[in-house]
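Engineer: Coordinates in final18.txt, compact mmCIF, C-alpha atoms and all ligand atoms, are listed below.
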# COMPACT_ATOMS: atom_id res chain seq x y z
CA MET A 1 -27.18 30.01 11.96
CA ALA A 2 -26.61 30.43 15.69
CA ARG A 3 -23.41 28.87 17.06
CA PRO A 4 -24.18 25.75 19.10
CA LYS A 5 -24.22 26.64 22.78
CA VAL A 6 -23.54 24.51 25.86
CA GLU A 7 -25.31 25.51 29.07
CA LEU A 8 -24.25 24.05 32.42
CA HIS A 9 -26.41 26.00 34.89
CA LEU A 10 -30.16 26.09 34.39
CA HIS A 11 -32.83 25.54 37.05
CA LEU A 12 -35.71 23.61 35.50
CA GLU A 13 -38.47 25.38 37.45
CA GLY A 14 -36.66 28.71 37.14
CA ALA A 15 -36.76 28.34 33.37
CA ALA A 16 -40.55 27.99 33.33
CA PRO A 17 -42.08 30.60 31.03
CA PRO A 18 -44.43 32.79 33.11
CA ALA A 19 -47.29 32.23 30.64
CA PHE A 20 -46.88 28.48 31.15
CA ILE A 21 -47.03 28.82 34.95
CA ARG A 22 -49.97 31.25 34.77
CA GLY A 23 -51.82 28.85 32.44
CA LEU A 24 -51.25 25.93 34.81
CA GLY A 25 -52.53 28.08 37.69
CA ARG A 26 -55.76 28.72 35.79
CA GLU A 27 -56.08 25.07 34.83
CA LYS A 28 -55.57 23.85 38.41
CA LYS A 29 -57.62 26.71 39.88
CA ILE A 30 -54.72 27.81 42.06
CA ASP A 31 -54.55 31.57 42.52
CA ILE A 32 -50.97 32.68 41.95
CA SER A 33 -51.84 36.02 40.33
CA GLY A 34 -49.72 37.85 42.93
CA ILE A 35 -46.43 36.67 41.41
CA PHE A 36 -46.92 38.34 38.03
CA THR A 37 -46.40 41.88 36.78
CA PRO A 38 -49.23 43.49 34.80
CA GLU A 39 -47.16 42.71 31.68
CA GLY A 40 -47.15 39.00 32.56
CA GLY A 41 -43.56 38.57 33.79
CA TYR A 42 -42.54 37.39 37.26
CA ALA A 43 -42.74 40.12 39.93
CA TYR A 44 -40.25 40.22 42.80
CA ARG A 45 -38.26 42.82 44.70
CA ASP A 46 -34.96 41.17 45.62
CA PHE A 47 -33.25 37.79 45.91
CA GLU A 48 -35.16 36.68 49.00
CA HIS A 49 -38.46 37.60 47.38
CA PHE A 50 -37.31 35.91 44.16
CA LEU A 51 -36.91 32.64 46.11
CA SER A 52 -40.40 33.04 47.53
CA VAL A 53 -41.97 33.81 44.11
CA TYR A 54 -40.08 30.80 42.73
CA ASP A 55 -41.68 28.59 45.43
CA THR A 56 -45.12 29.97 44.63
CA ALA A 57 -44.66 29.34 40.90
CA CYS A 58 -43.78 25.73 41.75
CA THR A 59 -47.09 25.18 43.57
CA VAL A 60 -48.81 24.66 40.21
CA LEU A 61 -46.28 21.98 39.18
CA ILE A 62 -48.29 19.40 41.05
CA GLY A 63 -47.22 16.11 39.48
CA PRO A 64 -45.03 14.30 36.96
CA GLU A 65 -47.38 15.27 34.12
CA GLU A 66 -46.85 18.99 34.82
CA PHE A 67 -43.07 18.48 34.85
CA HIS A 68 -43.33 16.58 31.57
CA ARG A 69 -45.00 19.60 30.02
CA LEU A 70 -42.51 21.95 31.66
CA VAL A 71 -39.53 20.12 30.17
CA HIS A 72 -41.03 20.44 26.71
CA ALA A 73 -41.62 24.19 27.16
CA VAL A 74 -38.12 24.79 28.53
CA LEU A 75 -36.18 22.74 26.00
CA GLU A 76 -38.08 24.18 23.06
CA GLU A 77 -37.00 27.64 24.22
CA SER A 78 -33.40 26.60 24.90
CA ALA A 79 -33.11 24.94 21.49
CA ALA A 80 -34.51 28.07 19.83
CA ASN A 81 -31.58 29.91 21.43
CA GLY A 82 -29.05 27.56 19.87
CA VAL A 83 -28.43 25.43 22.96
CA VAL A 84 -27.45 21.86 22.03
CA TYR A 85 -26.62 20.61 25.52
CA SER A 86 -28.22 21.67 28.77
CA GLU A 87 -27.23 20.51 32.22
CA THR A 88 -30.32 21.20 34.24
CA PHE A 89 -30.92 21.35 37.98
CA LEU A 90 -33.75 19.06 39.06
CA SER A 91 -35.14 19.38 42.54
CA PRO A 92 -36.58 16.40 44.47
CA ASP A 93 -37.95 19.00 46.92
CA PHE A 94 -40.27 20.33 44.21
CA CYS A 95 -40.86 16.81 42.84
CA GLY A 96 -42.77 15.09 45.62
CA GLY A 97 -40.96 16.52 48.64
CA CYS A 98 -37.91 14.22 48.43
CA ASP A 99 -39.97 11.05 48.72
CA LEU A 100 -37.91 8.48 46.79
CA GLY A 101 -40.88 6.67 45.22
CA ALA A 102 -42.42 9.94 44.05
CA TRP A 103 -39.04 11.21 42.83
CA ARG A 104 -38.61 8.13 40.62
CA GLU A 105 -41.96 8.91 38.96
CA TYR A 106 -41.17 12.59 38.43
CA LEU A 107 -37.73 11.73 37.10
CA ALA A 108 -39.15 9.19 34.65
CA ALA A 109 -41.56 11.85 33.31
CA ILE A 110 -38.79 14.46 33.07
CA ARG A 111 -36.49 12.06 31.28
CA GLU A 112 -39.17 10.92 28.85
CA ALA A 113 -39.98 14.52 27.92
CA ALA A 114 -36.28 15.34 27.53
CA GLU A 115 -35.78 12.39 25.20
CA GLN A 116 -38.78 13.45 23.12
CA ALA A 117 -37.42 17.00 22.96
CA GLU A 118 -34.03 15.66 21.90
CA THR A 119 -35.67 13.97 18.90
CA GLN A 120 -37.76 17.04 18.10
CA HIS A 121 -35.24 19.82 18.66
CA GLY A 122 -31.79 18.21 18.77
CA ILE A 123 -31.05 19.34 22.32
CA THR A 124 -29.58 16.97 24.90
CA LEU A 125 -30.41 17.33 28.60
CA ARG A 126 -28.53 15.78 31.51
CA GLY A 127 -29.80 16.14 35.06
CA ILE A 128 -28.13 17.47 38.17
CA VAL A 129 -30.08 16.95 41.37
CA THR A 130 -30.03 20.08 43.48
CA CYS A 131 -30.70 20.36 47.17
CA ILE A 132 -31.92 23.65 48.62
CA ARG A 133 -29.60 25.27 51.13
CA HIS A 134 -32.19 27.17 53.13
CA LEU A 135 -34.12 23.95 53.78
CA GLY A 136 -31.14 22.77 55.82
CA PRO A 137 -28.75 19.78 55.91
CA GLU A 138 -31.32 17.14 56.93
CA GLN A 139 -33.50 17.89 53.90
CA ALA A 140 -30.37 18.01 51.72
CA LYS A 141 -29.58 14.44 52.84
CA LYS A 142 -32.97 13.34 51.52
CA ALA A 143 -32.29 15.03 48.19
CA ALA A 144 -28.87 13.35 48.07
CA ILE A 145 -30.44 9.94 48.68
CA CYS A 146 -32.88 10.57 45.81
CA ALA A 147 -29.89 11.53 43.68
CA ALA A 148 -27.75 8.56 44.69
CA GLU A 149 -30.58 6.09 44.07
CA THR A 150 -31.17 7.39 40.54
CA ALA A 151 -27.58 8.20 39.54
CA GLY A 152 -26.44 7.00 36.14
CA ASP A 153 -25.57 8.14 32.65
CA TRP A 154 -28.56 10.52 32.58
CA LEU A 155 -28.65 11.81 36.15
CA VAL A 156 -25.04 12.85 36.32
CA GLY A 157 -24.52 15.40 39.09
CA PHE A 158 -25.45 16.74 42.49
CA GLY A 159 -25.49 20.37 43.56
CA MET A 160 -26.92 22.94 45.92
CA GLY A 161 -28.81 26.19 45.32
CA GLY A 162 -30.91 28.42 47.53
CA ALA A 163 -30.02 31.10 50.04
CA GLU A 164 -26.24 31.27 50.32
CA ASN A 165 -26.38 33.18 53.61
CA MET A 166 -27.95 30.19 55.43
CA GLY A 167 -25.52 27.88 57.22
CA GLU A 168 -22.12 26.85 55.89
CA GLN A 169 -21.06 24.69 52.95
CA LYS A 170 -19.53 22.14 55.35
CA ASP A 171 -22.94 21.53 56.97
CA PHE A 172 -23.88 19.78 53.73
CA ALA A 173 -20.82 17.51 53.49
CA TRP A 174 -22.82 14.35 54.25
CA ALA A 175 -25.09 14.97 51.26
CA PHE A 176 -22.19 15.70 48.93
CA ASP A 177 -20.21 12.68 50.15
CA ALA A 178 -23.21 10.40 49.54
CA ALA A 179 -23.64 11.82 46.05
CA ARG A 180 -19.92 11.41 45.27
CA GLU A 181 -19.97 7.81 46.47
CA ALA A 182 -22.84 7.15 44.07
CA GLY A 183 -20.64 8.35 41.21
CA LEU A 184 -22.20 11.79 40.82
CA ARG A 185 -20.14 14.84 39.88
CA LEU A 186 -20.43 17.86 42.15
CA THR A 187 -21.20 21.58 41.98
CA THR A 188 -22.57 24.09 44.47
CA HIS A 189 -23.75 27.69 44.37
CA ALA A 190 -21.10 29.84 46.07
CA GLY A 191 -19.66 33.29 45.62
CA GLU A 192 -22.91 34.75 44.32
CA TRP A 193 -23.93 36.53 47.54
CA ARG A 194 -20.98 35.74 49.79
CA GLY A 195 -17.36 36.52 49.06
CA PRO A 196 -14.21 34.55 48.23
CA ASP A 197 -14.17 32.53 51.46
CA GLU A 198 -17.40 30.89 50.45
CA VAL A 199 -15.87 29.73 47.17
CA ARG A 200 -12.88 28.40 49.10
CA ALA A 201 -15.23 26.54 51.45
CA ALA A 202 -17.12 25.01 48.51
CA VAL A 203 -13.94 23.54 47.04
CA ARG A 204 -12.36 22.58 50.35
CA ASP A 205 -15.35 21.29 52.32
CA LEU A 206 -17.52 19.77 49.58
CA GLY A 207 -14.85 18.86 47.03
CA VAL A 208 -16.82 20.31 44.11
CA GLU A 209 -15.20 20.53 40.69
CA ARG A 210 -17.54 23.29 39.52
CA VAL A 211 -18.98 26.29 41.31
CA GLY A 212 -22.35 27.88 40.52
CA HIS A 213 -21.57 31.57 39.95
CA GLY A 214 -18.32 31.72 41.97
CA VAL A 215 -17.73 35.16 40.54
CA ARG A 216 -16.97 36.92 43.81
CA ALA A 217 -13.75 34.87 43.88
CA ALA A 218 -12.48 37.74 41.72
CA GLU A 219 -12.15 39.82 44.91
CA ASP A 220 -9.19 37.68 46.01
CA PRO A 221 -6.28 37.38 43.55
CA ALA A 222 -4.74 34.42 45.42
CA LEU A 223 -8.00 32.49 45.13
CA VAL A 224 -8.27 33.34 41.44
CA GLU A 225 -4.84 31.79 40.95
CA GLU A 226 -5.83 28.71 42.96
CA LEU A 227 -9.01 28.21 40.93
CA ALA A 228 -7.10 28.53 37.68
CA GLU A 229 -4.45 26.06 38.84
CA ALA A 230 -6.97 23.54 40.17
CA GLY A 231 -9.04 23.74 36.98
CA ILE A 232 -12.25 24.57 38.83
CA THR A 233 -14.98 25.65 36.43
CA LEU A 234 -17.26 28.58 37.21
CA GLU A 235 -20.83 28.42 35.96
CA CYS A 236 -21.12 32.17 35.38
CA CYS A 237 -24.58 33.65 34.86
CA PRO A 238 -23.86 37.33 34.15
CA GLY A 239 -27.42 38.39 33.31
CA SER A 240 -28.69 36.83 36.54
CA ASN A 241 -26.02 38.61 38.59
CA VAL A 242 -26.81 41.99 37.06
CA PHE A 243 -30.58 41.56 37.31
CA LEU A 244 -30.39 40.51 40.98
CA GLY A 245 -27.98 43.35 41.77
CA VAL A 246 -24.79 41.41 42.56
CA TYR A 247 -23.23 43.88 40.08
CA ASP A 248 -24.72 47.18 38.98
CA ARG A 249 -23.78 46.80 35.32
CA LEU A 250 -22.44 44.05 33.07
CA GLU A 251 -19.31 46.21 32.68
CA ASP A 252 -18.63 45.57 36.40
CA HIS A 253 -18.98 41.79 36.08
CA PRO A 254 -15.66 39.91 36.50
CA ILE A 255 -16.29 37.14 33.94
CA ASP A 256 -13.79 38.54 31.44
CA GLU A 257 -11.21 39.34 34.11
CA LEU A 258 -11.50 35.76 35.43
CA ARG A 259 -11.18 34.33 31.93
CA ARG A 260 -8.07 36.37 31.28
CA ALA A 261 -6.61 35.13 34.56
CA GLY A 262 -6.92 31.57 33.28
CA VAL A 263 -10.02 30.50 35.22
CA ASN A 264 -12.41 28.13 33.42
CA VAL A 265 -15.44 30.32 32.88
CA THR A 266 -18.67 29.26 31.20
CA VAL A 267 -21.90 31.11 30.41
CA SER A 268 -25.41 30.18 31.53
CA THR A 269 -28.77 31.82 32.16
CA ASP A 270 -29.71 30.43 35.63
CA ASP A 271 -33.47 31.22 35.56
CA PRO A 272 -33.93 32.95 32.20
CA PRO A 273 -37.50 34.34 32.33
CA PHE A 274 -36.94 35.64 35.86
CA PHE A 275 -33.97 37.67 34.62
CA HIS A 276 -35.35 38.55 31.19
CA THR A 277 -32.53 36.73 29.52
CA THR A 278 -31.77 33.91 27.08
CA MET A 279 -28.49 32.32 26.00
CA ARG A 280 -28.63 34.39 22.83
CA ARG A 281 -29.01 37.59 24.86
CA GLU A 282 -26.16 36.58 27.18
CA TYR A 283 -23.87 36.02 24.21
CA ALA A 284 -24.87 39.30 22.53
CA ALA A 285 -24.33 41.26 25.76
CA LEU A 286 -20.88 39.70 26.34
CA ALA A 287 -19.86 40.45 22.75
CA ARG A 288 -20.97 44.05 23.14
CA CYS A 289 -19.55 44.64 26.59
CA PHE A 290 -16.23 42.75 26.48
CA ASN A 291 -15.67 42.51 22.72
CA TRP A 292 -15.86 38.74 22.86
CA ASP A 293 -15.42 37.41 19.33
CA ALA A 294 -16.02 33.99 17.76
CA ASP A 295 -12.71 32.67 19.08
CA VAL A 296 -13.59 33.57 22.67
CA PHE A 297 -17.05 32.04 22.39
CA ASP A 298 -15.55 28.88 20.86
CA ALA A 299 -13.10 28.66 23.75
CA VAL A 300 -15.87 29.18 26.31
CA THR A 301 -17.97 26.47 24.65
CA LYS A 302 -15.00 24.10 24.72
CA THR A 303 -14.48 24.89 28.41
CA ALA A 304 -18.15 24.06 29.06
CA LEU A 305 -17.95 20.78 27.14
CA ASP A 306 -14.79 19.77 28.99
CA ALA A 307 -16.48 20.53 32.32
CA ALA A 308 -19.79 18.85 31.43
CA PHE A 309 -20.73 15.96 33.70
CA CYS A 310 -21.97 13.68 30.89
CA ASP A 311 -20.05 10.64 29.67
CA THR A 312 -17.50 10.93 26.90
CA ALA A 313 -19.75 9.32 24.28
CA THR A 314 -22.35 12.05 24.86
CA ARG A 315 -19.69 14.75 24.83
CA ASP A 316 -18.21 13.46 21.57
CA ARG A 317 -21.64 13.39 19.97
CA ILE A 318 -22.30 17.02 20.91
CA ALA A 319 -18.85 18.42 20.12
N1 LIG A 401 -32.14 28.90 42.71
C1 LIG A 401 -32.57 29.35 41.53
N2 LIG A 401 -31.81 30.38 41.13
C2 LIG A 401 -30.87 30.57 42.08
C3 LIG A 401 -29.79 31.48 42.25
N3 LIG A 401 -29.51 32.41 41.33
N4 LIG A 401 -29.06 31.39 43.37
C4 LIG A 401 -29.34 30.47 44.29
N5 LIG A 401 -30.33 29.59 44.19
C5 LIG A 401 -31.09 29.63 43.08
ZN ZN A 402 -28.46 29.00 40.00
I'd like the structure from this file rewritten - as structure tokens, please.
Structural biologist:
Amino acid sequence: MARPKVELHLHLEGAAPPAFIRGLGREKKIDISGIFTPEGGYAYRDFEHFLSVYDTACTVLIGPEEFHRLVHAVLEESAANGVVYSETFLSPDFCGGCDLGAWREYLAAIREAAEQAETQHGITLRGIVTCIRHLGPEQAKKAAICAAETAGDWLVGFGMGGAENMGEQKDFAWAFDAAREAGLRLTTHAGEWRGPDEVRAAVRDLGVERVGHGVRAAEDPALVEELAEAGITLECCPGSNVFLGVYDRLEDHPIDELRRAGVNVTVSTDDPPFFHTTMRREYAALARCFNWDADVFDAVTKTALDAAFCDTATRDRIA
């Protein structure tokens, strides 16, 4: 039997199987044929184009009902890969354009589907609202308000994804402060495309306790030491980084170096069908490349559980 896996960094829409999105396109009579390869996968050239294909895929997710179906498709796949706990990025921008009333309806549908999937497949989902960096700070405020108004034991975190080269982390401080005041735990994408200073800015200017990717911190030994000392957790997504060209080969990825330096590293898939990965594939590749054995995987899973944003009762149930 597969070892139980804990995933902290998964984008709900980015986990949509291409066949599911293509099927919805046909059903809704929306022509999105341009985003698929002849083999039926997602087709894109680079990160910028990936973000644009991602947006196009989301155009068929037109209401709460479509998100309900999406959650079922995604959690079935995660559970089949041995994932027992999935912290998943939910985006009010894709769920009604950050309108609070609409967001409540989408969220109710997402949560209902997740609870059904928990009964069916034994996988627990907790939500992290994500704002989208390239939409700018004003739109991020709206996402943060959606998050703050629906914060609780199920919606547990707030984060930011999108194009890291747009603006600065500190431009989004209002959104992160509002989320923190509502009791949400914080993470932001940093150190995927920009270097160590961006990871520093994430911790210093937004006060996050986890960083999405964060791997380019490895370029600065002093920062690596600081992250280890401060107990900041990195949501590493090695397959994503290699597929998008942050590193040429998995052998060049710093996840093992960071782990050995005492940084809290975890393993996630990010947007699995976009990067032709799954949690099982990530684990197999890390075992092959860095000789990670059962003890290392157990330690990484414990790190992920300790860094999970859920309440202790949920954590104890999963552990
Ligand atoms: N949104 C979905 N996947 C992402 C990634 N890898 N980086 C930034 N934003 C994202
Ligand atoms: Zn991500």
Engineer: What's the separation between atom CA of A:Ile30 and atom CA of A:Leu51, in Å to one decimal place?
Structural biologist: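 Computing the Euclidean distance for atom CA of A:Ile30 and atom CA of A:Leu51 yields 18.9 Å.
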Engineer: Hey, which bits of stretch 205-265 of chain A sit within 10 Å of stretch 151-169 of chain A, and for each residue what's the closest pair of atoms and how far apart in Å (one decimal), counting only C-alpha atoms, rows by chain and increasing number, as a Markdown table?
Structural biologist:
| residue | atom | partner | partner_atom | distance |
| --- | --- | --- | --- | --- |
| A:Asp205 | CA | A:Gln169 | CA | 6.7 |
| A:Leu206 | CA | A:Gln169 | CA | 6.9 |
| A:Val208 | CA | A:Gly159 | CA | 8.7 |
| A:Arg210 | CA | A:Gly159 | CA | 9.4 |
| A:Val211 | CA | A:Gly159 | CA | 9.1 |
| A:Gly212 | CA | A:Gly161 | CA | 8.2 |
Engineer: Find the residues around A:Glu149 up to 12 Å (all atoms listed in the file counted), leave out those fewer than 6 positions away in its own chain, and share them as an MDAnalysis selection string.
Structural biologist: chainID A and resid 92 98:101 103:104 107 129 142:143 155:156 158 178:184
Engineer: Select, from A:Ala190, A:Ile123, A:Leu227, A:Ala108, the residue with the minimum atom-to-atom distance to ligand LIG 401 (chain A), counting only C-alpha atoms and all ligand atoms.
Structural biologist: A:Ala190
Engineer: How many Å separate atom CA of A:His121 from atom CA of A:Val71?
Structural biologist: 12.3 Å
Engineer: Using all atoms listed in the file, which residues have at least one atom no more than 9 Å from ligand ZN 402 (chain A)? Output them as a PyMOL selection string.
Structural biologist: chain A and resi 9-11+14+89+160-162+188-189+212-213+235+237+240+269-271
Engineer: Do a neighbour search on A:Pro196 at 10 Å with only C-alpha atoms, toss out local chain neighbours closer than 2 positions, and write the hits as a list in words.
Structural biologist: Ala190, Gly191, Glu192, Trp193, Arg194, Glu198, Val199, Arg200, Ala201, Ala202, Gly214, Val215, Arg216, Ala217, Ala218, Glu219, Asp220, Pro221, Ala222, Leu223 and Val224 of chain A
Engineer: Hey, which of A:Arg3, A:Lys170, A:Arg185, A:Arg111 ends up closest to A:Ile128? Count only C-alpha atoms.
Structural biologist: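 When distances to A:Ile128 are compared using only C-alpha atoms, the smallest one comes from A:Arg185.
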Engineer: In Å, rounded to a single decimal, give me how far atom CA of A:Leu70 is from atom CA of A:Phe176.
Structural biologist: 27.4 Å
Engineer: What are the centre and edge lengths in Å, to one decimal, of the axis-aligned box around all listed atoms of ligand LIG 401 (chain A) with 5 Å added on each side, as JSON?
Structural biologist:
{"center_x": -30.8, "center_y": 30.7, "center_z": 42.7, "size_x": 13.5, "size_y": 13.5, "size_z": 13.2}
Engineer: Can you list, as a PyMOL selection string, every protein, DNA or RNA residue that comes within 8 Å of A:Phe172 when you count only C-alpha atoms, leaving out same-chain residues fewer than 5 positions away?
Structural biologist: chain A and resi 137+140-141+206
